[in-house]
Amino acid sequence: MTDVLRPMTPASPAAGRPRRAGRRTPLLALVTSLVLLALVTVSVSTGDMPLPPFDALKGLFGLGDSATVLIVQEFRAPRMAAAIVAGTGLAVAGALLQRLFRNPLASPDVMGVTGGASFGAVVMLAAGASQTLMPLAALGGGLLAAVLLGVLGWRSGASVTRLVLVGLAVQAGLTAAVNFMVVTFPTELAGSALQWTTGSVYGRTWTEVWTAGGAVAVALAVAFALHRRLAVLDLGDDSAGALGLNTDAARLQILVTAIVLASLAAALTGPVAFVALAVPHMVRFLAGPPTAGTLALSGLAGAVLLLASDLVAQHLLPVSGLPVGVVTATLGAPWLLVLMIRQSSSVNRSVR
């Protein structure tokens, strides 16, 4: 702990690295924002009826001819906005969980949260509830998964590795329950529930986007408000307690915020894998140690990754109509395997 808290001299190479990383974050945020703007342009201008990019962007703001405005605002923009909202929520949730548990495998899709959110949404769909209630149902399902994770995995301060393994089991069980409900639903419900098995932004409406998006914006504000507490927790429980922080309450607040973000994202897309798991790693590799800036960068990168994956699913794959979850799962499976191998190797080295 003394090494962590020892002040670095200006001449120290280690002192220069955080400063350089801090300077990289705004530049990376600018580049990521420009990439996101380019993807938005591609998203609203491509489809069965291609549109000139400038006309499509005008149509996004209600300008231009009525046909262009209808195509962009009613069919393409809600899908694009849903990908941005969900990608942002998932990536920030993943960054919070990985930093809170100090484990690269900690993410909503690995620990069962997105499976629980999908379960809650499908149950609400089977009950015939309004689409506006889906975020609330997904949030309830995500909290259910968190309770199961705590009951089954958090015994007398269980290790993070145990929590991750129990989370995988919870995710698999809830996903199996969703699949069972989908195959037993009447035909008219099965199609609507299909997105909850793989993850999709197809057919999103402005009502769903505004409902979930507004809640995600509030949860993001809470996440950034809690960032200082998360930074204090990084010092360790003893140091955080000496600084006057109630560590158990802070952890619970951050954990609930991450669950809310992931659940609301899943309410829009279903259980999309890989985004929450991989984006925080990419941001740490490019921008360095975690800060409030890298948390914001994670949100931007998550939006870019999910929107880009949806464009790949729409336009670059030989099979049309594939959900975005197929693309992200294809990327995520080898990534998760590599992480688990690295985690196992580090544990074996520490045992020796």
# chains A, B, ... in the order shown; residues from 1 in each chain; ligands from 1

call {"tool": "residues_around", "arguments": {"residues": "Arg229 of chain A", "least_positions_apart": "5", "cutoff": "12 Å", "atoms": "only C-alpha atoms", "output": "PyMOL selection string"}}
result
chain A and resi 96+99-100+222-224+234-237+240-241+243-254+291-292

call {"tool": "residues_around", "arguments": {"residues": "Ser192 of chain A", "least_positions_apart": "2", "cutoff": "12 Å", "atoms": "only C-alpha atoms", "output": "count of residues only"}}
result
28

call {"tool": "closest_residue", "arguments": {"among": "A:Thr207, A:Pro108, A:Phe274, A:Thr328", "to": "Ser130 of chain A", "atoms": "only C-alpha atoms"}}
result
A:Thr207

call {"tool": "residues_around", "arguments": {"residues": "segment 301-317 of chain A", "least_positions_apart": "2", "cutoff": "6 Å", "atoms": "only C-alpha atoms", "output": "PDB file with N, CA and C atoms, in the first residue's frame"}}
result
ATOM      1  N   LEU A  36     -18.445   8.005 -34.187  1.00  0.00           N
ATOM      2  CA  LEU A  36     -19.872   7.818 -33.905  1.00  0.00           C
ATOM      3  C   LEU A  36     -20.723   8.649 -34.855  1.00  0.00           C
ATOM      4  N   ALA A  83     -29.388   1.560 -30.375  1.00  0.00           N
ATOM      5  CA  ALA A  83     -28.031   0.999 -30.310  1.00  0.00           C
ATOM      6  C   ALA A  83     -27.102   1.914 -29.521  1.00  0.00           C
ATOM      7  N   ILE A  84     -27.224   3.220 -29.706  1.00  0.00           N
ATOM      8  CA  ILE A  84     -26.372   4.168 -28.990  1.00  0.00           C
ATOM      9  C   ILE A  84     -26.667   4.139 -27.491  1.00  0.00           C
ATOM     10  N   GLY A  87     -25.619   0.634 -26.045  1.00  0.00           N
ATOM     11  CA  GLY A  87     -24.169   0.486 -26.023  1.00  0.00           C
ATOM     12  C   GLY A  87     -23.527   1.323 -24.933  1.00  0.00           C
ATOM     13  N   THR A  88     -24.024   2.548 -24.761  1.00  0.00           N
ATOM     14  CA  THR A  88     -23.489   3.414 -23.709  1.00  0.00           C
ATOM     15  C   THR A  88     -23.755   2.828 -22.330  1.00  0.00           C
ATOM     16  N   ALA A  91     -21.595  -0.434 -21.683  1.00  0.00           N
ATOM     17  CA  ALA A  91     -20.161  -0.193 -21.512  1.00  0.00           C
ATOM     18  C   ALA A  91     -19.858   0.454 -20.165  1.00  0.00           C
ATOM     19  N   SER A 298     -15.630   5.257 -22.193  1.00  0.00           N
ATOM     20  CA  SER A 298     -16.204   3.911 -22.288  1.00  0.00           C
ATOM     21  C   SER A 298     -17.625   3.975 -22.846  1.00  0.00           C
ATOM     22  N   GLY A 299     -18.420   4.955 -22.363  1.00  0.00           N
ATOM     23  CA  GLY A 299     -19.775   5.104 -22.886  1.00  0.00           C
ATOM     24  C   GLY A 299     -19.785   5.390 -24.373  1.00  0.00           C
ATOM     25  N   VAL A 319     -26.240 -13.287 -44.689  1.00  0.00           N
ATOM     26  CA  VAL A 319     -27.590 -13.641 -44.255  1.00  0.00           C
ATOM     27  C   VAL A 319     -28.271 -12.385 -43.729  1.00  0.00           C
ATOM     28  N   LEU A 322     -30.109 -10.881 -39.463  1.00  0.00           N
ATOM     29  CA  LEU A 322     -29.492 -11.388 -38.243  1.00  0.00           C
ATOM     30  C   LEU A 322     -29.505 -10.305 -37.163  1.00  0.00           C
ATOM     31  N   VAL A 324     -28.217  -8.115 -33.874  1.00  0.00           N
ATOM     32  CA  VAL A 324     -26.890  -7.602 -33.541  1.00  0.00           C
ATOM     33  C   VAL A 324     -26.205  -8.490 -32.513  1.00  0.00           C
TER      34      VAL A 324
END

call {"tool": "atom_distance", "arguments": {"atom1": "atom CA of Ala67 of chain A", "atom2": "atom CA of Leu39 of chain A"}}
result
21.9 Å

call {"tool": "closest_atom_pairs", "arguments": {"of": "segment 235-285 of chain A", "to": "segment 133-148 of chain A", "cutoff": "6 Å", "atoms": "only C-alpha atoms", "output": "CSV"}}
result
residue,atom,partner,partner_atom,distance
A:Ser263,CA,A:Leu139,CA,4.9
A:Leu264,CA,A:Pro135,CA,5.4
A:Ala267,CA,A:Pro135,CA,5.1

call {"tool": "residues_around", "arguments": {"residues": "Thr294 of chain A", "least_positions_apart": "6", "cutoff": "7 Å", "atoms": "only C-alpha atoms", "output": "MDAnalysis selection string"}}
result
chainID A and resid 25 283 287

call {"tool": "closest_residue", "arguments": {"among": "A:Val232, A:Leu37, A:Ile259, A:Ala242", "to": "Ala93 of chain A", "atoms": "only C-alpha atoms"}}
result
A:Ile259
